$ cat coords_18.cif   # mmCIF, C-alpha atoms
data_work
#
loop_
_atom_site.label_atom_id
_atom_site.label_comp_id
_atom_site.auth_asym_id
_atom_site.auth_seq_id
_atom_site.Cartn_x
_atom_site.Cartn_y
_atom_site.Cartn_z
CA MET A 250 -34.08 13.19 4.44
CA SER A 251 -30.30 12.83 4.54
CA ILE A 252 -28.62 9.59 3.49
CA VAL A 253 -24.93 9.09 4.24
CA ILE A 254 -22.98 6.37 2.44
CA VAL A 255 -19.71 5.30 4.08
CA GLY A 256 -17.41 3.90 1.43
CA ALA A 257 -16.94 5.40 -2.03
CA GLY A 258 -16.15 2.21 -3.90
CA LEU A 259 -18.32 0.49 -6.48
CA ALA A 260 -21.09 -0.39 -4.01
CA GLY A 261 -21.28 3.08 -2.46
CA ALA A 262 -21.24 4.88 -5.79
CA THR A 263 -23.83 2.51 -7.24
CA ALA A 264 -26.15 3.19 -4.29
CA ALA A 265 -25.79 6.95 -4.80
CA THR A 266 -26.49 6.52 -8.51
CA GLU A 267 -29.57 4.42 -7.90
CA LEU A 268 -30.98 6.91 -5.40
CA ARG A 269 -30.80 9.69 -7.97
CA GLU A 270 -32.00 7.57 -10.88
CA GLN A 271 -35.04 6.48 -8.86
CA GLY A 272 -35.95 10.08 -8.12
CA TYR A 273 -34.72 10.48 -4.55
CA THR A 274 -34.26 14.23 -3.97
CA GLY A 275 -32.88 14.32 -0.42
CA GLN A 276 -29.27 14.91 0.56
CA VAL A 277 -26.79 12.20 -0.42
CA VAL A 278 -23.31 12.26 1.13
CA LEU A 279 -20.73 9.78 -0.17
CA LEU A 280 -17.58 9.36 1.94
CA GLY A 281 -14.39 7.85 0.54
CA SER A 282 -11.00 7.36 2.17
CA GLU A 283 -9.16 7.29 -1.16
CA GLU A 284 -8.41 10.43 -3.14
CA HIS A 285 -9.77 8.96 -6.39
CA PRO A 286 -13.38 9.10 -7.55
CA PRO A 287 -15.19 5.77 -7.11
CA TYR A 288 -13.86 3.04 -9.39
CA GLU A 289 -14.36 -0.64 -10.12
CA ARG A 290 -11.71 -3.00 -8.76
CA PRO A 291 -11.79 -5.97 -11.20
CA PRO A 292 -9.68 -4.10 -13.81
CA LEU A 293 -6.92 -3.75 -11.20
CA SER A 294 -6.15 -7.45 -11.61
CA LYS A 295 -7.28 -7.72 -15.23
CA THR A 296 -7.30 -5.17 -18.08
CA TYR A 297 -5.73 -2.24 -16.20
CA LEU A 298 -2.96 -4.39 -14.74
CA LEU A 299 -2.26 -5.80 -18.20
CA GLY A 300 -2.02 -2.28 -19.64
CA GLN A 301 -5.01 -2.86 -21.93
CA ASP A 302 -7.30 -0.15 -20.51
CA PRO A 303 -6.69 3.26 -18.90
CA PHE A 304 -7.75 3.91 -15.32
CA GLU A 305 -10.53 6.23 -16.54
CA LYS A 306 -12.36 3.24 -17.97
CA ALA A 307 -12.66 1.79 -14.45
CA LEU A 308 -14.37 4.89 -13.04
CA VAL A 309 -18.01 4.43 -12.05
CA HIS A 310 -18.69 7.97 -13.34
CA PRO A 311 -16.61 10.89 -14.61
CA PRO A 312 -15.75 13.19 -11.68
CA GLU A 313 -18.22 15.85 -12.82
CA TRP A 314 -21.16 13.45 -12.51
CA TYR A 315 -21.30 13.82 -8.72
CA PRO A 316 -21.83 17.60 -8.50
CA GLU A 317 -24.09 17.47 -11.55
CA HIS A 318 -26.36 15.03 -9.68
CA ASP A 319 -26.08 16.77 -6.33
CA VAL A 320 -24.11 13.94 -4.70
CA ASP A 321 -21.82 15.34 -2.02
CA LEU A 322 -18.70 13.25 -2.73
CA ARG A 323 -16.08 13.75 -0.03
CA LEU A 324 -12.80 12.10 -0.98
CA GLY A 325 -9.91 11.61 1.41
CA THR A 326 -12.46 11.44 4.21
CA THR A 327 -12.51 8.49 6.60
CA ALA A 328 -15.36 7.65 8.96
CA THR A 329 -13.90 7.22 12.45
CA ALA A 330 -16.94 6.65 14.68
CA LEU A 331 -20.66 6.04 14.45
CA ASP A 332 -23.33 7.02 17.00
CA THR A 333 -26.49 5.22 15.92
CA ASP A 334 -28.58 6.77 18.72
CA ALA A 335 -27.71 10.34 17.75
CA HIS A 336 -27.53 9.46 14.03
CA VAL A 337 -24.07 10.99 13.72
CA VAL A 338 -21.06 9.67 11.82
CA SER A 339 -17.73 11.20 12.83
CA THR A 340 -15.14 11.62 10.09
CA THR A 341 -11.70 13.07 9.58
CA GLY A 342 -13.52 16.07 8.09
CA GLY A 343 -16.01 16.56 10.91
CA ASP A 344 -19.33 15.16 12.12
CA ILE A 345 -22.25 14.46 9.76
CA THR A 346 -25.83 13.80 10.78
CA TYR A 347 -27.99 11.34 8.88
CA GLU A 348 -31.43 9.81 8.87
CA LYS A 349 -30.38 6.64 7.06
CA LEU A 350 -26.86 5.25 6.72
CA LEU A 351 -25.33 2.75 4.30
CA LEU A 352 -22.08 0.98 5.17
CA ALA A 353 -20.06 -0.03 2.11
CA THR A 354 -16.61 -0.08 3.66
CA GLY A 355 -15.30 -3.05 1.69
CA ALA A 356 -12.44 -5.29 2.74
CA GLU A 357 -8.69 -5.19 3.17
CA PRO A 358 -6.08 -7.79 2.18
CA ARG A 359 -4.78 -10.17 4.82
CA THR A 360 -1.15 -9.59 5.71
CA LEU A 361 1.45 -12.16 4.70
CA THR A 362 3.36 -12.32 7.96
CA VAL A 363 6.21 -14.49 6.70
CA ALA A 364 7.07 -11.97 3.98
CA GLU A 365 6.70 -8.94 6.22
CA GLU A 366 8.99 -10.47 8.86
CA ALA A 367 11.53 -11.63 6.26
CA GLY A 368 11.89 -8.11 4.96
CA VAL A 369 11.36 -9.08 1.31
CA PRO A 370 9.45 -6.69 -0.97
CA VAL A 371 5.78 -7.62 -0.60
CA ALA A 372 2.72 -6.22 -2.33
CA TYR A 373 -1.04 -6.57 -2.00
CA LEU A 374 -3.78 -5.76 -4.48
CA ARG A 375 -6.73 -3.64 -3.46
CA THR A 376 -6.21 -0.08 -4.67
CA LEU A 377 -5.15 1.74 -7.81
CA GLU A 378 -1.74 2.38 -6.26
CA ASP A 379 -1.35 -1.35 -5.55
CA SER A 380 -2.07 -2.18 -9.19
CA ASP A 381 0.35 0.50 -10.39
CA ARG A 382 3.09 -0.98 -8.22
CA LEU A 383 2.52 -4.44 -9.69
CA LYS A 384 2.41 -3.11 -13.24
CA GLU A 385 5.76 -1.40 -12.72
CA ALA A 386 7.28 -4.54 -11.19
CA PHE A 387 6.05 -6.89 -13.90
CA GLN A 388 8.95 -6.69 -16.33
CA LYS A 389 10.53 -9.42 -18.40
CA GLY A 390 12.87 -11.65 -16.43
CA ARG A 391 11.77 -10.47 -12.99
CA ARG A 392 11.11 -13.17 -10.39
CA ILE A 393 7.62 -12.85 -8.95
CA VAL A 394 6.33 -15.05 -6.14
CA VAL A 395 2.56 -15.20 -5.63
CA VAL A 396 1.29 -16.62 -2.35
CA GLY A 397 -2.28 -17.87 -2.59
CA ALA A 398 -3.96 -19.48 -5.62
CA GLY A 399 -7.39 -17.93 -5.30
CA TRP A 400 -8.93 -15.70 -7.96
CA ILE A 401 -6.72 -12.68 -7.25
CA GLY A 402 -3.55 -14.75 -6.96
CA LEU A 403 -4.17 -16.54 -10.25
CA GLU A 404 -5.12 -13.37 -12.12
CA VAL A 405 -1.98 -11.66 -10.85
CA ALA A 406 0.10 -14.68 -11.83
CA ALA A 407 -1.39 -14.60 -15.33
CA ALA A 408 -0.63 -10.88 -15.69
CA ALA A 409 2.95 -11.34 -14.47
CA ARG A 410 3.55 -14.28 -16.77
CA THR A 411 2.06 -12.40 -19.72
CA ALA A 412 4.58 -9.62 -19.01
CA GLY A 413 7.42 -12.14 -19.23
CA CYS A 414 8.13 -12.62 -15.53
CA GLU A 415 9.28 -15.84 -13.94
CA VAL A 416 6.31 -16.73 -11.73
CA THR A 417 6.00 -19.17 -8.83
CA VAL A 418 2.69 -19.66 -7.00
CA TYR A 419 2.48 -21.17 -3.52
CA GLU A 420 -0.79 -22.65 -2.30
CA THR A 421 -1.45 -24.73 0.81
CA GLU A 422 -4.29 -26.65 -0.84
CA ALA A 423 -3.64 -29.50 -3.26
CA LEU A 424 -5.04 -27.47 -6.17
CA PRO A 425 -5.83 -23.85 -6.97
CA LEU A 426 -9.42 -22.85 -6.10
CA LEU A 427 -10.04 -26.28 -4.61
CA ARG A 428 -12.52 -25.14 -1.96
CA VAL A 429 -14.51 -23.16 -4.51
CA LEU A 430 -14.55 -25.50 -7.49
CA GLY A 431 -13.65 -28.97 -6.23
CA PRO A 432 -10.89 -31.13 -7.73
CA THR A 433 -12.42 -31.82 -11.17
CA VAL A 434 -12.65 -28.18 -12.25
CA ALA A 435 -9.80 -26.85 -10.10
CA ASP A 436 -7.44 -29.11 -12.02
CA VAL A 437 -8.28 -27.18 -15.19
CA PHE A 438 -6.85 -24.00 -13.67
CA ALA A 439 -3.75 -25.81 -12.46
CA ASP A 440 -3.13 -27.11 -16.00
CA LEU A 441 -3.80 -23.68 -17.48
CA HIS A 442 -1.07 -22.03 -15.43
CA ARG A 443 1.41 -24.84 -15.91
CA GLU A 444 0.87 -24.61 -19.68
CA HIS A 445 1.81 -20.94 -19.48
CA GLY A 446 5.02 -21.62 -17.58
CA VAL A 447 3.93 -20.86 -14.02
CA HIS A 448 5.67 -22.94 -11.35
CA LEU A 449 2.96 -24.24 -9.00
CA ARG A 450 3.99 -25.24 -5.49
CA LEU A 451 0.82 -26.89 -4.25
CA GLY A 452 0.14 -28.35 -0.83
CA ALA A 453 3.00 -26.23 0.46
CA ALA A 454 3.19 -23.48 3.06
CA VAL A 455 5.59 -20.79 1.94
CA THR A 456 8.68 -20.14 4.07
CA ALA A 457 11.07 -17.20 4.30
CA ALA A 458 13.67 -19.26 2.43
CA ASP A 459 11.23 -19.69 -0.47
CA LEU A 460 11.01 -15.93 -0.84
CA GLU A 461 14.73 -15.24 -1.01
CA GLY A 462 15.76 -13.64 -4.27
CA ALA A 463 12.25 -12.64 -5.30
CA ASP A 464 11.96 -9.25 -6.97
CA LEU A 465 8.44 -9.02 -5.54
CA VAL A 466 6.17 -11.19 -3.42
CA VAL A 467 2.45 -10.74 -4.07
CA ALA A 468 0.14 -11.85 -1.28
CA GLY A 469 -3.23 -13.13 -2.41
CA ILE A 470 -4.35 -14.89 0.76
CA GLY A 471 -7.80 -13.40 1.03
CA VAL A 472 -9.34 -10.33 2.57
CA THR A 473 -10.93 -9.29 5.84
CA PRO A 474 -14.16 -7.26 5.84
CA ARG A 475 -13.73 -3.77 7.28
CA VAL A 476 -16.17 -3.90 10.18
CA ASP A 477 -14.40 -1.92 12.91
CA LEU A 478 -16.77 1.03 12.48
CA ALA A 479 -19.82 -1.23 12.65
CA ARG A 480 -18.52 -3.20 15.62
CA SER A 481 -17.61 -0.12 17.63
CA ALA A 482 -21.11 1.25 17.00
CA GLY A 483 -22.69 -1.87 18.48
CA LEU A 484 -23.98 -3.44 15.27
CA SER A 485 -24.15 -7.24 15.17
CA VAL A 486 -20.98 -8.49 13.50
CA ASP A 487 -19.95 -12.05 12.64
CA ASN A 488 -17.83 -12.57 9.51
CA GLY A 489 -19.13 -9.23 8.32
CA VAL A 490 -22.07 -7.05 9.33
CA LEU A 491 -25.11 -9.23 9.89
CA VAL A 492 -27.95 -7.99 7.68
CA ASP A 493 -31.41 -9.34 7.00
CA ALA A 494 -32.95 -10.17 3.63
CA ARG A 495 -33.46 -6.44 3.02
CA LEU A 496 -29.79 -5.67 3.81
CA ARG A 497 -30.73 -3.96 7.05
CA SER A 498 -28.38 -4.32 10.02
CA SER A 499 -29.32 -4.90 13.66
CA VAL A 500 -29.90 -1.13 13.84
CA PRO A 501 -32.86 -0.44 11.51
CA SER A 502 -31.55 2.90 10.20
CA VAL A 503 -28.24 1.32 9.10
CA TYR A 504 -27.80 -0.91 6.05
CA ALA A 505 -24.71 -2.73 4.76
CA VAL A 506 -23.73 -4.01 1.31
CA GLY A 507 -20.86 -5.52 -0.61
CA ASP A 508 -17.85 -7.23 0.92
CA ILE A 509 -18.94 -6.54 4.50
CA ALA A 510 -22.56 -7.74 4.24
CA ASN A 511 -23.21 -11.15 5.82
CA HIS A 512 -26.62 -11.48 4.26
CA ALA A 513 -29.56 -13.70 5.21
CA HIS A 514 -30.23 -14.83 1.64
CA PRO A 515 -33.93 -15.72 1.27
CA GLY A 516 -33.39 -17.93 -1.76
CA LEU A 517 -30.44 -19.92 -0.46
CA GLY A 518 -31.91 -20.21 3.02
CA ARG A 519 -28.66 -19.37 4.77
CA ARG A 520 -26.25 -16.53 5.42
CA ILE A 521 -23.69 -15.72 2.79
CA ARG A 522 -21.01 -13.06 2.35
CA VAL A 523 -19.86 -12.52 -1.24
CA GLU A 524 -16.76 -10.56 -2.26
CA HIS A 525 -17.54 -9.99 -5.91
CA TRP A 526 -18.28 -7.13 -8.31
CA ASP A 527 -21.78 -8.22 -9.31
CA THR A 528 -22.97 -8.53 -5.72
CA ALA A 529 -21.63 -5.08 -4.87
CA ILE A 530 -23.69 -3.56 -7.69
CA LYS A 531 -26.92 -5.46 -7.18
CA GLN A 532 -26.98 -5.24 -3.39
CA ALA A 533 -26.32 -1.50 -3.61
CA LYS A 534 -29.34 -1.00 -5.86
CA VAL A 535 -31.68 -2.88 -3.54
CA ALA A 536 -30.27 -1.09 -0.50
CA ALA A 537 -30.82 2.26 -2.24
CA HIS A 538 -34.48 1.41 -2.82
CA ASN A 539 -34.91 0.45 0.84
CA LEU A 540 -33.06 3.52 2.11
CA ALA A 541 -35.55 5.61 0.13
CA GLY A 542 -38.53 3.82 1.67
CA ALA A 543 -39.05 0.56 -0.22
CA ASP A 544 -39.17 -2.88 1.39
CA GLU A 545 -37.38 -5.21 -1.03
CA ASP A 546 -35.55 -8.47 -0.42
CA TYR A 547 -32.18 -9.05 -2.03
CA ASP A 548 -32.45 -12.51 -3.57
CA GLU A 549 -30.01 -12.44 -6.50
CA LEU A 550 -27.80 -15.47 -7.05
CA PRO A 551 -24.07 -14.90 -6.51
CA TYR A 552 -22.18 -14.32 -9.76
CA PHE A 553 -18.53 -13.78 -10.61
CA PHE A 554 -16.15 -14.02 -13.54
CA THR A 555 -12.46 -14.29 -14.25
CA ASP A 556 -10.14 -13.78 -17.22
CA GLN A 557 -6.78 -15.55 -17.21
CA TYR A 558 -4.65 -15.72 -20.39
CA ASP A 559 -7.13 -16.80 -23.08
CA LEU A 560 -9.56 -18.37 -20.62
CA GLY A 561 -12.80 -16.62 -19.70
CA MET A 562 -15.15 -17.98 -17.06
CA GLU A 563 -18.52 -17.12 -15.50
CA TYR A 564 -19.96 -18.74 -12.35
CA VAL A 565 -23.50 -18.51 -10.96
CA GLY A 566 -24.78 -19.85 -7.64
CA HIS A 567 -23.05 -21.12 -4.52
CA ALA A 568 -21.71 -24.67 -4.31
CA GLY A 569 -20.09 -26.50 -1.42
CA ALA A 570 -17.02 -28.70 -1.35
CA ASP A 571 -19.12 -31.87 -1.11
CA ASP A 572 -21.50 -31.13 -3.98
CA GLU A 573 -21.48 -33.39 -7.03
CA VAL A 574 -20.14 -31.88 -10.27
CA VAL A 575 -21.33 -32.76 -13.78
CA VAL A 576 -19.37 -31.52 -16.80
CA HIS A 577 -20.70 -30.92 -20.31
CA GLY A 578 -18.02 -30.31 -22.91
CA SER A 579 -14.26 -30.78 -22.82
CA LEU A 580 -12.12 -30.12 -19.78
CA GLU A 581 -9.01 -30.80 -21.85
CA ASP A 582 -9.93 -28.19 -24.47
CA LYS A 583 -11.03 -25.78 -21.73
CA GLU A 584 -14.42 -25.23 -23.30
CA PHE A 585 -17.15 -26.61 -21.09
CA ARG A 586 -20.04 -26.09 -18.71
CA ALA A 587 -19.98 -27.43 -15.16
CA PHE A 588 -22.95 -27.95 -12.86
CA TRP A 589 -22.85 -28.57 -9.12
CA LEU A 590 -25.67 -30.65 -7.69
CA ARG A 591 -26.90 -31.08 -4.14
CA ASP A 592 -29.54 -33.75 -3.54
CA GLY A 593 -30.09 -33.85 -7.30
CA GLU A 594 -30.70 -30.10 -7.63
CA VAL A 595 -28.37 -27.71 -9.47
CA VAL A 596 -27.04 -25.15 -6.96
CA ALA A 597 -24.23 -23.63 -9.05
CA ALA A 598 -23.01 -23.64 -12.63
CA MET A 599 -20.18 -22.20 -14.68
CA GLN A 600 -19.11 -21.83 -18.26
CA VAL A 601 -15.52 -21.74 -19.50
CA ASN A 602 -14.89 -20.26 -22.96
CA ASP A 603 -18.51 -21.01 -23.89
CA TRP A 604 -20.10 -17.57 -23.90
CA ASP A 605 -23.28 -18.77 -25.59
CA ALA A 606 -23.96 -20.65 -22.35
CA SER A 607 -24.19 -17.56 -20.12
CA ASP A 608 -27.98 -17.60 -19.98
CA ALA A 609 -28.17 -21.39 -19.87
CA ILE A 610 -26.08 -21.76 -16.73
CA ARG A 611 -28.14 -19.14 -14.91
CA GLU A 612 -31.38 -20.82 -15.97
CA ALA A 613 -30.07 -24.15 -14.68
CA VAL A 614 -29.40 -22.73 -11.22
CA GLU A 615 -32.65 -20.77 -11.09
CA SER A 616 -34.64 -23.87 -12.04
CA GLY A 617 -32.43 -26.30 -10.13
CA THR A 618 -32.55 -28.58 -13.17
CA LEU A 619 -29.59 -30.14 -14.94
CA PRO A 620 -29.95 -29.49 -18.71
CA SER A 621 -29.37 -32.18 -21.27
CA GLU A 622 -25.92 -32.22 -22.84
CA ASP A 623 -25.89 -30.65 -26.31
#
$ encode --input "coords_18.cif" --output "structure tokens"
Amino acid sequence: MSIVIVGAGLAGATAATELREQGYTGQVVLLGSEEHPPYERPPLSKTYLLGQDPFEKALVHPPEWYPEHDVDLRLGTTATALDTDAHVVSTTGGDITYEKLLLATGAEPRTLTVAEEAGVPVAYLRTLEDSDRLKEAFQKGRRIVVVGAGWIGLEVAAAARTAGCEVTVYETEALPLLRVLGPTVADVFADLHREHGVHLRLGAAVTAADLEGADLVVAGIGVTPRVDLARSAGLSVDNGVLVDARLRSSVPSVYAVGDIANHAHPGLGRRIRVEHWDTAIKQAKVAAHNLAGADEDYDELPYFFTDQYDLGMEYVGHAGADDEVVVHGSLEDKEFRAFWLRDGEVVAAMQVNDWDASDAIREAVESGTLPSED
């Protein structure tokens, strides 16, 4: 049986790895538009951007792993069309037939129209080349404007400030990460960046005049899932590729994982699309099992982490803006655990600079029970 994986990022490479590690012996073709072997993206806004780790450390495998494990890795190859009736994917390198197909096409940054139209230098962060451009621009005394105070925007701001840049962050919400964390915890991140000399312009839409004189504008206003291939092939698409609990699309021979997968989560009881490293890995493993003939649900809780300056954070679960938050520890000292409750049940939890709590916050969400404060 031939399995074709479209997208040679972390999710695609993890699926190929899992197929081989689980003993699948059929053909595996891994298609990637970039010229680099599959790599992890978190270092692009963290350790690689800060110059702490070389790019090689971000690679999923050394380049020689793929031929050694009989994975047909085709770099610089873009899928252009998909015929699910004929089981053919058309690419810039020719047509490929498959029996099962995995879509792991990822996402692309949203364009900052005001910067593009103003003609100021603007950058996005998705690829190795993007990170290299930021690293080169982040020099002492340079004026960097970051638009968007989500995870990427704040991590980029921290890296720029650490490099000695003058940094201003614009965010339309009243606080950074407000929709994700709510005001109590979001305020911690606002204070963190102010303490490190970042100028926060909150509740403000950026204008062309605001960007004048910037050495570089970095847009961190979110991403859009790459679903054109899926949509043109007739798959059901709505804020990503609609997949069932087993990560199977509306066409049974086609699965989707990672940033593009709008997944019917059996544990949460609703659809969810998660744009984080951990989900890309774990969904890819389950999809690989199912591609090879298993029938497994993907029911892992969402998980993500961030590192900004000397603050490290882990988050498990999926909270809403209206959920109650309970904090154990000190917000002021930035060492605490936070728990989000819905109808008295813990639905999400996080730890900040409290690494001994990593297991405890996951257990709280899995059990739905608020632990006693130590």
$ resolve_selection --input "coords_18.cif" --expression "the PyMOL selection byres ((chain A and resi 523) around 8)" --output "CSV table (one decimal) with C-alpha atoms, keeping the file's coordinate frame"
chain,number,residue,atom,x,y,z
A,507,GLY,CA,-20.9,-5.5,-0.6
A,508,ASP,CA,-17.8,-7.2,0.9
A,510,ALA,CA,-22.6,-7.7,4.2
A,511,ASN,CA,-23.2,-11.2,5.8
A,521,ILE,CA,-23.7,-15.7,2.8
A,522,ARG,CA,-21.0,-13.1,2.4
A,524,GLU,CA,-16.8,-10.6,-2.3
A,525,HIS,CA,-17.5,-10.0,-5.9
A,528,THR,CA,-23.0,-8.5,-5.7
A,551,PRO,CA,-24.1,-14.9,-6.5
$ resolve_selection --input "coords_18.cif" --expression "the PyMOL selection byres ((chain A and resi 567) around 6)" --output "list in words"
Gly566, Ala568 and Ala597 of chain A
$ closest_residue --input "coords_18.cif" --among "A:Gly413, A:Pro501, A:Gly399, A:Pro432" --to "A:Leu484" --atoms "all atoms listed in the file"
A:Pro501
$ axis_aligned_box --input "coords_18.cif" --around "stretch 478-486 of chain A" --padding-each-side "3 Å" --output "lines of an AutoDock Vina configuration file"
center_x = -20.5
center_y = -3.6
center_z = 15.5
size_x = 13.4
size_y = 15.7
size_z = 12.0
$ residues_near_point --input "coords_18.cif" --point "(8.6, -16.9, -12.6)" --cutoff "6 Å" --atoms "only C-alpha atoms" --output "list in words"
Arg392, Ile393, Cys414, Glu415, Val416 and Thr417 of chain A
$ write_last_selection --input "coords_18.cif" --atoms "C-alpha atoms" --output "PDB file, in the frame of the given file"
ATOM      1  CA  ARG A 392      11.110 -13.170 -10.390  1.00  0.00           C
ATOM      2  CA  ILE A 393       7.620 -12.850  -8.950  1.00  0.00           C
ATOM      3  CA  CYS A 414       8.130 -12.620 -15.530  1.00  0.00           C
ATOM      4  CA  GLU A 415       9.280 -15.840 -13.940  1.00  0.00           C
ATOM      5  CA  VAL A 416       6.310 -16.730 -11.730  1.00  0.00           C
ATOM      6  CA  THR A 417       6.000 -19.170  -8.830  1.00  0.00           C
TER       7      THR A 417
END
$ resolve_selection --input "coords_18.cif" --expression "the PyMOL selection byres ((chain A and resi 532) around 10)" --output "PyMOL selection string"
chain A and resi 260+263-264+495-496+505-507+510+512+527-531+533-537+546-549
$ write_last_selection --input "coords_18.cif" --atoms "C-alpha atoms" --output "PDB file, in the frame of the given file"
ATOM      1  CA  ALA A 260     -21.090  -0.390  -4.010  1.00  0.00           C
ATOM      2  CA  THR A 263     -23.830   2.510  -7.240  1.00  0.00           C
ATOM      3  CA  ALA A 264     -26.150   3.190  -4.290  1.00  0.00           C
ATOM      4  CA  ARG A 495     -33.460  -6.440   3.020  1.00  0.00           C
ATOM      5  CA  LEU A 496     -29.790  -5.670   3.810  1.00  0.00           C
ATOM      6  CA  ALA A 505     -24.710  -2.730   4.760  1.00  0.00           C
ATOM      7  CA  VAL A 506     -23.730  -4.010   1.310  1.00  0.00           C
ATOM      8  CA  GLY A 507     -20.860  -5.520  -0.610  1.00  0.00           C
ATOM      9  CA  ALA A 510     -22.560  -7.740   4.240  1.00  0.00           C
ATOM     10  CA  HIS A 512     -26.620 -11.480   4.260  1.00  0.00           C
ATOM     11  CA  ASP A 527     -21.780  -8.220  -9.310  1.00  0.00           C
ATOM     12  CA  THR A 528     -22.970  -8.530  -5.720  1.00  0.00           C
ATOM     13  CA  ALA A 529     -21.630  -5.080  -4.870  1.00  0.00           C
ATOM     14  CA  ILE A 530     -23.690  -3.560  -7.690  1.00  0.00           C
ATOM     15  CA  LYS A 531     -26.920  -5.460  -7.180  1.00  0.00           C
ATOM     16  CA  ALA A 533     -26.320  -1.500  -3.610  1.00  0.00           C
ATOM     17  CA  LYS A 534     -29.340  -1.000  -5.860  1.00  0.00           C
ATOM     18  CA  VAL A 535     -31.680  -2.880  -3.540  1.00  0.00           C
ATOM     19  CA  ALA A 536     -30.270  -1.090  -0.500  1.00  0.00           C
ATOM     20  CA  ALA A 537     -30.820   2.260  -2.240  1.00  0.00           C
ATOM     21  CA  ASP A 546     -35.550  -8.470  -0.420  1.00  0.00           C
ATOM     22  CA  TYR A 547     -32.180  -9.050  -2.030  1.00  0.00           C
ATOM     23  CA  ASP A 548     -32.450 -12.510  -3.570  1.00  0.00           C
ATOM     24  CA  GLU A 549     -30.010 -12.440  -6.500  1.00  0.00           C
TER      25      GLU A 549
END
$ residues_around --input "coords_18.cif" --residues "A:Val437" --least-positions-apart "4" --cutoff "8 Å" --atoms "all atoms listed in the file" --output "PyMOL selection string"
chain A and resi 433+441+580-581+583
$ atom_distance --input "coords_18.cif" --atom1 "atom CA of A:Asp559" --atom2 "atom CA of A:Ala435"
16.6 Å
$ closest_residue --input "coords_18.cif" --among "A:Ala453, A:Val447, A:Ala541, A:Ala407" --to "A:Arg269" --atoms "only C-alpha atoms"
A:Ala541
$ closest_residue --input "coords_18.cif" --among "A:Phe438, A:His336, A:Leu298, A:Leu331" --to "A:Phe387" --atoms "all atoms listed in the file"
A:Leu298
$ closest_residue --input "coords_18.cif" --among "A:Leu550, A:Leu619, A:Ala457, A:Ala468" --to "A:Asp379" --atoms "all atoms listed in the file"
A:Ala468
$ residues_around --input "coords_18.cif" --residues "A:Asp571" --least-positions-apart "2" --cutoff "9 Å" --atoms "only C-alpha atoms" --output "ChimeraX atom specification"
/A:431,568-569,573,591
$ residues_around --input "coords_18.cif" --residues "A:Val309" --least-positions-apart "3" --cutoff "7 Å" --atoms "only C-alpha atoms" --output "PyMOL selection string"
chain A and resi 259+287-289
$ closest_residue --input "coords_18.cif" --among "A:His577, A:Arg586, A:Lys295, A:Arg290" --to "A:Ala356" --atoms "only C-alpha atoms"
A:Arg290
$ atom_distance --input "coords_18.cif" --atom1 "atom CA of A:Ala412" --atom2 "atom CA of A:Lys384"
9.0 Å
$ closest_residue --input "coords_18.cif" --among "A:Ala479, A:Val434, A:Val472, A:Thr555" --to "A:Ser498" --atoms "all atoms listed in the file"
A:Ala479
$ residues_around --input "coords_18.cif" --residues "A:Val253" --least-positions-apart "5" --cutoff "7 Å" --atoms "only C-alpha atoms" --output "PDB file with C-alpha atoms, in the frame of the given file"
ATOM      1  CA  VAL A 277     -26.790  12.200  -0.420  1.00  0.00           C
ATOM      2  CA  VAL A 278     -23.310  12.260   1.130  1.00  0.00           C
ATOM      3  CA  LEU A 279     -20.730   9.780  -0.170  1.00  0.00           C
ATOM      4  CA  TYR A 347     -27.990  11.340   8.880  1.00  0.00           C
ATOM      5  CA  LYS A 349     -30.380   6.640   7.060  1.00  0.00           C
ATOM      6  CA  LEU A 350     -26.860   5.250   6.720  1.00  0.00           C
ATOM      7  CA  LEU A 351     -25.330   2.750   4.300  1.00  0.00           C
TER       8      LEU A 351
END
